[in-house]
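Engineer: Dropping in target.cif, with mmCIF, C-alpha atoms.
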```
data_target
#
loop_
_atom_site.group_PDB
_atom_site.id
_atom_site.type_symbol
_atom_site.label_atom_id
_atom_site.label_comp_id
_atom_site.auth_asym_id
_atom_site.auth_seq_id
_atom_site.Cartn_x
_atom_site.Cartn_y
_atom_site.Cartn_z
ATOM 1 C CA MET A 1 -0.425 25.916 36.561
ATOM 2 C CA PRO A 2 1.356 24.387 33.555
ATOM 3 C CA VAL A 3 0.981 20.671 33.031
ATOM 4 C CA ILE A 4 3.682 18.555 31.453
ATOM 5 C CA SER A 5 2.921 15.098 30.208
ATOM 6 C CA THR A 6 4.843 12.532 28.217
ATOM 7 C CA LEU A 7 3.221 10.474 25.499
ATOM 8 C CA HIS A 8 4.167 7.041 24.320
ATOM 9 C CA GLU A 9 4.533 6.329 20.633
ATOM 10 C CA LEU A 10 1.657 4.308 19.151
ATOM 11 C CA SER A 11 2.402 0.737 18.114
ATOM 12 C CA LEU A 12 1.699 -0.562 14.613
ATOM 13 C CA GLU A 13 -1.363 -2.387 15.952
ATOM 14 C CA ALA A 14 -2.670 0.808 17.552
ATOM 15 C CA LEU A 15 -2.191 2.731 14.307
ATOM 16 C CA ILE A 16 -4.102 0.044 12.381
ATOM 17 C CA ASP A 17 -6.863 0.248 14.997
ATOM 18 C CA VAL A 18 -7.050 4.019 14.465
ATOM 19 C CA LEU A 19 -7.413 3.369 10.722
ATOM 20 C CA THR A 20 -10.181 0.792 11.051
ATOM 21 C CA LYS A 21 -12.036 0.616 14.360
ATOM 22 C CA PRO A 22 -13.617 3.967 15.303
ATOM 23 C CA LYS A 23 -17.109 4.720 14.021
ATOM 24 C CA ASN A 24 -15.686 7.390 11.708
ATOM 25 C CA ALA A 25 -12.370 5.650 10.923
ATOM 26 C CA ILE A 26 -10.467 6.910 7.892
ATOM 27 C CA ILE A 27 -10.749 3.586 6.069
ATOM 28 C CA LYS A 28 -14.513 3.509 6.636
ATOM 29 C CA GLN A 29 -14.757 7.039 5.247
ATOM 30 C CA TYR A 30 -12.883 6.113 2.063
ATOM 31 C CA LYS A 31 -14.928 2.930 1.613
ATOM 32 C CA GLU A 32 -18.112 4.996 1.882
ATOM 33 C CA LEU A 33 -16.851 7.616 -0.593
ATOM 34 C CA PHE A 34 -16.088 4.914 -3.149
ATOM 35 C CA ARG A 35 -19.357 3.085 -2.391
ATOM 36 C CA LEU A 36 -21.241 6.266 -3.311
ATOM 37 C CA GLU A 37 -19.654 5.896 -6.763
ATOM 38 C CA GLY A 38 -20.682 2.221 -6.937
ATOM 39 C CA VAL A 39 -17.184 0.925 -6.218
ATOM 40 C CA ASP A 40 -16.251 -1.685 -3.625
ATOM 41 C CA LEU A 41 -12.929 -0.665 -2.040
ATOM 42 C CA ASN A 42 -10.916 -3.556 -0.587
ATOM 43 C CA ILE A 43 -7.787 -2.812 1.419
ATOM 44 C CA SER A 44 -5.620 -5.742 2.461
ATOM 45 C CA GLU A 45 -4.244 -6.197 5.954
ATOM 46 C CA THR A 46 -0.750 -5.933 4.509
ATOM 47 C CA ALA A 47 -1.614 -2.538 2.982
ATOM 48 C CA LEU A 48 -2.910 -1.340 6.358
ATOM 49 C CA LEU A 49 0.321 -2.538 7.964
ATOM 50 C CA GLU A 50 2.366 -0.682 5.332
ATOM 51 C CA VAL A 51 0.415 2.540 5.974
ATOM 52 C CA ALA A 52 1.015 2.124 9.717
ATOM 53 C CA LYS A 53 4.745 1.536 9.146
ATOM 54 C CA ARG A 54 4.995 4.690 7.046
ATOM 55 C CA ALA A 55 3.158 6.719 9.685
ATOM 56 C CA LYS A 56 5.456 5.378 12.390
ATOM 57 C CA ALA A 57 8.513 6.229 10.278
ATOM 58 C CA ARG A 58 7.322 9.839 9.951
ATOM 59 C CA GLY A 59 7.229 10.084 13.727
ATOM 60 C CA THR A 60 3.983 12.062 13.793
ATOM 61 C CA GLY A 61 1.771 9.239 15.012
ATOM 62 C CA ALA A 62 -1.806 8.958 13.841
ATOM 63 C CA ARG A 63 -1.707 12.381 12.159
ATOM 64 C CA ALA A 64 0.321 10.890 9.308
ATOM 65 C CA LEU A 65 -2.298 8.237 8.492
ATOM 66 C CA ARG A 66 -4.664 10.565 6.631
ATOM 67 C CA ALA A 67 -1.836 12.181 4.631
ATOM 68 C CA ILE A 68 -0.521 8.796 3.516
ATOM 69 C CA LEU A 69 -3.975 7.593 2.452
ATOM 70 C CA GLU A 70 -4.815 10.869 0.697
ATOM 71 C CA LYS A 71 -1.650 10.532 -1.363
ATOM 72 C CA ALA A 72 -2.530 6.931 -2.250
ATOM 73 C CA PHE A 73 -6.179 7.641 -3.153
ATOM 74 C CA LEU A 74 -6.018 11.110 -4.723
ATOM 75 C CA GLU A 75 -5.692 10.012 -8.347
ATOM 76 C CA LEU A 76 -8.204 7.195 -7.843
ATOM 77 C CA MET A 77 -10.809 9.645 -6.583
ATOM 78 C CA PHE A 78 -10.532 11.538 -9.881
ATOM 79 C CA GLU A 79 -10.389 8.482 -12.168
ATOM 80 C CA VAL A 80 -13.122 6.282 -10.674
ATOM 81 C CA PRO A 81 -16.255 8.475 -10.949
ATOM 82 C CA GLY A 82 -17.947 7.915 -14.282
ATOM 83 C CA SER A 83 -15.816 4.887 -15.108
ATOM 84 C CA GLU A 84 -16.846 1.250 -15.484
ATOM 85 C CA ILE A 85 -14.937 0.267 -12.328
ATOM 86 C CA THR A 86 -16.915 -1.684 -9.719
ATOM 87 C CA ALA A 87 -14.131 -2.809 -7.349
ATOM 88 C CA LEU A 88 -10.631 -1.765 -6.357
ATOM 89 C CA HIS A 89 -8.133 -3.844 -4.411
ATOM 90 C CA ILE A 90 -5.305 -2.113 -2.557
ATOM 91 C CA ASP A 91 -2.347 -4.074 -1.218
ATOM 92 C CA GLU A 92 1.141 -3.149 -0.070
ATOM 93 C CA HIS A 93 2.576 -3.621 -3.579
ATOM 94 C CA ASN A 94 0.287 -1.158 -5.365
ATOM 95 C CA LEU A 95 -0.261 1.385 -2.575
ATOM 96 C CA ASP A 96 1.906 3.982 -4.359
ATOM 97 C CA SER A 97 0.710 3.285 -7.889
ATOM 98 C CA ALA A 98 -2.757 4.404 -8.911
ATOM 99 C CA ASP A 99 -2.013 3.082 -12.410
ATOM 100 C CA SER A 100 -1.393 -0.400 -10.994
ATOM 101 C CA ILE A 101 -4.568 -0.250 -8.901
ATOM 102 C CA LEU A 102 -6.621 0.877 -11.900
ATOM 103 C CA ALA A 103 -5.076 -1.823 -14.123
ATOM 104 C CA GLN A 104 -6.212 -4.499 -11.645
ATOM 105 C CA ALA A 105 -9.652 -2.947 -11.075
ATOM 106 C CA VAL A 106 -12.800 -5.004 -11.590
ATOM 107 C CA LYS A 107 -14.901 -3.421 -14.313
ATOM 108 C CA ARG A 108 -18.598 -3.656 -15.155
ATOM 109 C CA GLN A 109 -19.395 -6.280 -17.767
ATOM 110 C CA SER A 110 -20.558 -4.861 -21.097
ATOM 111 C CA ALA A 111 -23.926 -6.157 -22.201
#
```
Show me this structure written as structure tokens.

Structural biologist:
Amino acid sequence: MPVISTLHELSLEALIDVLTKPKNAIIKQYKELFRLEGVDLNISETALLEVAKRAKARGTGARALRAILEKAFLELMFEVPGSEITALHIDEHNLDSADSILAQAVKRQSA
């Protein structure tokens, strides 16, 4: 017997919850990956909202969240290991620019 069901589109708040609240949320995974390199990853609420807006615009729901974040963090994940960076701050203005994020990064003090 075939079953047909309709789904409602997720709200921005629901998309942000998917990013942040589950035990294995995508944001928690990225924070842990950067923590393993000794880097504190800070993502502003406005950046989370921007990611949710982009996902909603794609019309693919929560599936788009990972793709958007992978695009934003790909270059950072290659640049950060082995560097002097100790903290990164992501906001809605630098979400698409790894160069901007790296330029604003907190670096280890030279002794």

Engineer: Given the file shown, determine the residues that the PyMOL selection byres ((chain A and resi 90) around 10) selects; report them as a list in words.

Structural biologist: Leu41, Asn42, Ile43, Ser44, Glu45, Thr46, Ala47, Leu48, Ala72, Phe73, Leu88, His89, Asp91, Glu92, His93, Asn94, Leu95, Asp96, Ser97, Ala98, Ser100, Ile101, Leu102, Gln104 and Ala105 of chain A

Engineer: Residues at most 8 Å from range 14-31 of chain A, counting only C-alpha atoms, excluding those fewer than 2 positions away in the same chain, as a short mmCIF file (atom, residue, chain, number, x, y, z; two decimals) with C-alpha atoms, in the coordinates of the input?

Structural biologist:
```cif
data_model
loop_
_atom_site.label_atom_id
_atom_site.label_comp_id
_atom_site.auth_asym_id
_atom_site.auth_seq_id
_atom_site.Cartn_x
_atom_site.Cartn_y
_atom_site.Cartn_z
CA LEU A 10 1.66 4.31 19.15
CA SER A 11 2.40 0.74 18.11
CA LEU A 12 1.70 -0.56 14.61
CA LEU A 33 -16.85 7.62 -0.59
CA PHE A 34 -16.09 4.91 -3.15
CA ARG A 35 -19.36 3.08 -2.39
CA ASP A 40 -16.25 -1.68 -3.62
CA LEU A 41 -12.93 -0.66 -2.04
CA ASN A 42 -10.92 -3.56 -0.59
CA LEU A 48 -2.91 -1.34 6.36
CA LEU A 49 0.32 -2.54 7.96
CA ALA A 52 1.01 2.12 9.72
CA GLY A 61 1.77 9.24 15.01
CA ALA A 62 -1.81 8.96 13.84
CA LEU A 65 -2.30 8.24 8.49
CA ARG A 66 -4.66 10.56 6.63
#
```

Engineer: For CA of Thr60 in chain A and CA of Leu7 in chain A, determine how far apart the two atoms are, in Å to one decimal place.

Structural biologist: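 Distance reported for this atom pair: 11.8 Å.
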
Engineer: Restricting the calculation to all atoms listed in the file, which member of A:Ile4, A:Arg108, A:Leu36, A:Glu13 is positioned closest to Pro81 in chain A?

Structural biologist: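 Residue with the minimum atom-to-atom distance to Pro81 in chain A: A:Leu36.
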
Engineer: Using all atoms listed in the file, find the one residue out of A:Gly38, A:Ala57, A:Ser83, A:Val51 that sits nearest to Leu69 in chain A.

Structural biologist: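 Ranking A:Gly38, A:Ala57, A:Ser83, A:Val51 by distance to Leu69 in chain A, first place goes to A:Val51.
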
Engineer: Kindly give the distance, in Å, that separates CA of Glu70 in chain A and CA of Glu37 in chain A, rounded to a single decimal.

Structural biologist: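 CA of Glu37 in chain A lies 17.3 Å from CA of Glu70 in chain A.
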
Engineer: May I ask for the distance between CA of Leu74 in chain A and CA of Ala55 in chain A, given in Å to one decimal place?

Structural biologist: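 Calculated distance between CA of Leu74 in chain A and CA of Ala55 in chain A is 17.6 Å.
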
Engineer: Pick out the closest residue to Lys56 in chain A from this set: A:Glu9, A:Pro2, A:Ala87, A:Val39. Count only C-alpha atoms.

Structural biologist: A:Glu9

Engineer: Between A:Lys107, A:Lys53, A:Arg58, A:His8, which one has atoms that come closest to Gly82 in chain A, using all atoms listed in the file?

Structural biologist: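 Using all atoms listed in the file, the shortest distance to Gly82 in chain A belongs to A:Lys107.
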
Engineer: Would you please take range 11-41 of chain A of the structure in the block above and write N, CA, C and O atoms to a file as a CSV table (one decimal), in the first residue's frame?

Structural biologist:
```csv
chain,number,residue,atom,x,y,z
A,11,SER,N,11.1,26.2,9.2
A,11,SER,CA,11.3,27.7,9.4
A,11,SER,C,12.8,28.0,9.6
A,11,SER,O,13.6,27.1,9.8
A,12,LEU,N,13.1,29.2,9.6
A,12,LEU,CA,14.5,29.6,9.9
A,12,LEU,C,15.0,29.2,11.3
A,12,LEU,O,16.1,28.7,11.4
A,13,GLU,N,14.1,29.3,12.2
A,13,GLU,CA,14.4,28.9,13.6
A,13,GLU,C,14.6,27.4,13.7
A,13,GLU,O,15.6,26.9,14.3
A,14,ALA,N,13.8,26.6,12.9
A,14,ALA,CA,14.0,25.2,12.9
A,14,ALA,C,15.3,24.8,12.3
A,14,ALA,O,16.0,23.9,12.7
A,15,LEU,N,15.7,25.5,11.2
A,15,LEU,CA,17.0,25.2,10.5
A,15,LEU,C,18.2,25.5,11.5
A,15,LEU,O,19.1,24.8,11.5
A,16,ILE,N,18.1,26.6,12.2
A,16,ILE,CA,19.1,27.0,13.2
A,16,ILE,C,19.2,25.9,14.3
A,16,ILE,O,20.3,25.5,14.7
A,17,ASP,N,18.0,25.4,14.7
A,17,ASP,CA,18.0,24.4,15.7
A,17,ASP,C,18.7,23.1,15.2
A,17,ASP,O,19.5,22.5,15.9
A,18,VAL,N,18.5,22.8,13.9
A,18,VAL,CA,19.2,21.6,13.3
A,18,VAL,C,20.7,21.8,13.3
A,18,VAL,O,21.4,20.9,13.5
A,19,LEU,N,21.1,23.1,13.1
A,19,LEU,CA,22.5,23.4,13.1
A,19,LEU,C,23.2,23.2,14.4
A,19,LEU,O,24.4,22.9,14.5
A,20,THR,N,22.4,23.5,15.5
A,20,THR,CA,23.1,23.7,16.8
A,20,THR,C,22.6,22.8,17.9
A,20,THR,O,23.4,22.6,18.8
A,21,LYS,N,21.4,22.3,17.9
A,21,LYS,CA,20.9,21.6,19.1
A,21,LYS,C,21.1,20.1,19.2
A,21,LYS,O,21.4,19.6,20.3
A,22,PRO,N,21.1,19.3,18.1
A,22,PRO,CA,21.3,17.9,18.3
A,22,PRO,C,22.6,17.5,18.9
A,22,PRO,O,23.6,18.3,18.8
A,23,LYS,N,22.8,16.4,19.5
A,23,LYS,CA,24.0,16.0,20.1
A,23,LYS,C,25.2,16.0,19.1
A,23,LYS,O,26.3,16.4,19.4
A,24,ASN,N,24.9,15.6,17.8
A,24,ASN,CA,25.9,15.6,16.8
A,24,ASN,C,25.6,16.7,15.7
A,24,ASN,O,25.8,16.5,14.5
A,25,ALA,N,25.2,17.8,16.2
A,25,ALA,CA,24.9,19.0,15.3
A,25,ALA,C,26.1,19.3,14.4
A,25,ALA,O,27.2,19.2,14.9
A,26,ILE,N,25.8,19.8,13.3
A,26,ILE,CA,26.9,20.2,12.3
A,26,ILE,C,27.9,21.2,12.9
A,26,ILE,O,29.1,21.1,12.8
A,27,ILE,N,27.3,22.2,13.6
A,27,ILE,CA,28.2,23.3,14.2
A,27,ILE,C,29.0,22.6,15.3
A,27,ILE,O,30.2,23.0,15.4
A,28,LYS,N,28.5,21.8,16.1
A,28,LYS,CA,29.3,21.1,17.1
A,28,LYS,C,30.4,20.3,16.5
A,28,LYS,O,31.5,20.2,17.1
A,29,GLN,N,30.1,19.6,15.4
A,29,GLN,CA,31.1,18.9,14.7
A,29,GLN,C,32.3,19.7,14.2
A,29,GLN,O,33.5,19.4,14.4
A,30,TYR,N,32.0,20.9,13.6
A,30,TYR,CA,33.0,21.8,13.2
A,30,TYR,C,33.8,22.4,14.3
A,30,TYR,O,35.0,22.5,14.3
A,31,LYS,N,33.1,22.7,15.4
A,31,LYS,CA,33.8,23.3,16.6
A,31,LYS,C,34.8,22.2,17.1
A,31,LYS,O,35.9,22.6,17.5
A,32,GLU,N,34.4,21.0,17.1
A,32,GLU,CA,35.3,19.9,17.6
A,32,GLU,C,36.5,19.7,16.7
A,32,GLU,O,37.6,19.5,17.1
A,33,LEU,N,36.2,19.7,15.4
A,33,LEU,CA,37.3,19.6,14.4
A,33,LEU,C,38.4,20.7,14.6
A,33,LEU,O,39.6,20.4,14.6
A,34,PHE,N,37.9,21.9,14.8
A,34,PHE,CA,38.9,23.0,15.0
A,34,PHE,C,39.5,22.9,16.4
A,34,PHE,O,40.7,23.3,16.5
A,35,ARG,N,38.8,22.5,17.4
A,35,ARG,CA,39.3,22.4,18.7
A,35,ARG,C,40.5,21.4,18.7
A,35,ARG,O,41.5,21.6,19.4
A,36,LEU,N,40.4,20.3,17.9
A,36,LEU,CA,41.4,19.3,17.8
A,36,LEU,C,42.7,20.0,17.3
A,36,LEU,O,43.8,19.5,17.5
A,37,GLU,N,42.6,21.1,16.6
A,37,GLU,CA,43.8,21.8,16.0
A,37,GLU,C,44.2,22.9,17.0
A,37,GLU,O,45.0,23.7,16.6
A,38,GLY,N,43.5,23.0,18.1
A,38,GLY,CA,43.8,24.1,19.1
A,38,GLY,C,43.2,25.4,18.8
A,38,GLY,O,43.7,26.5,19.2
A,39,VAL,N,42.1,25.4,18.0
A,39,VAL,CA,41.4,26.6,17.5
A,39,VAL,C,40.0,26.7,18.1
A,39,VAL,O,39.3,25.7,18.0
A,40,ASP,N,39.7,27.8,18.7
A,40,ASP,CA,38.3,28.1,19.2
A,40,ASP,C,37.5,28.7,18.0
A,40,ASP,O,37.8,29.8,17.5
A,41,LEU,N,36.5,28.0,17.6
A,41,LEU,CA,35.6,28.5,16.5
A,41,LEU,C,34.4,29.1,17.1
A,41,LEU,O,33.6,28.5,17.8
```
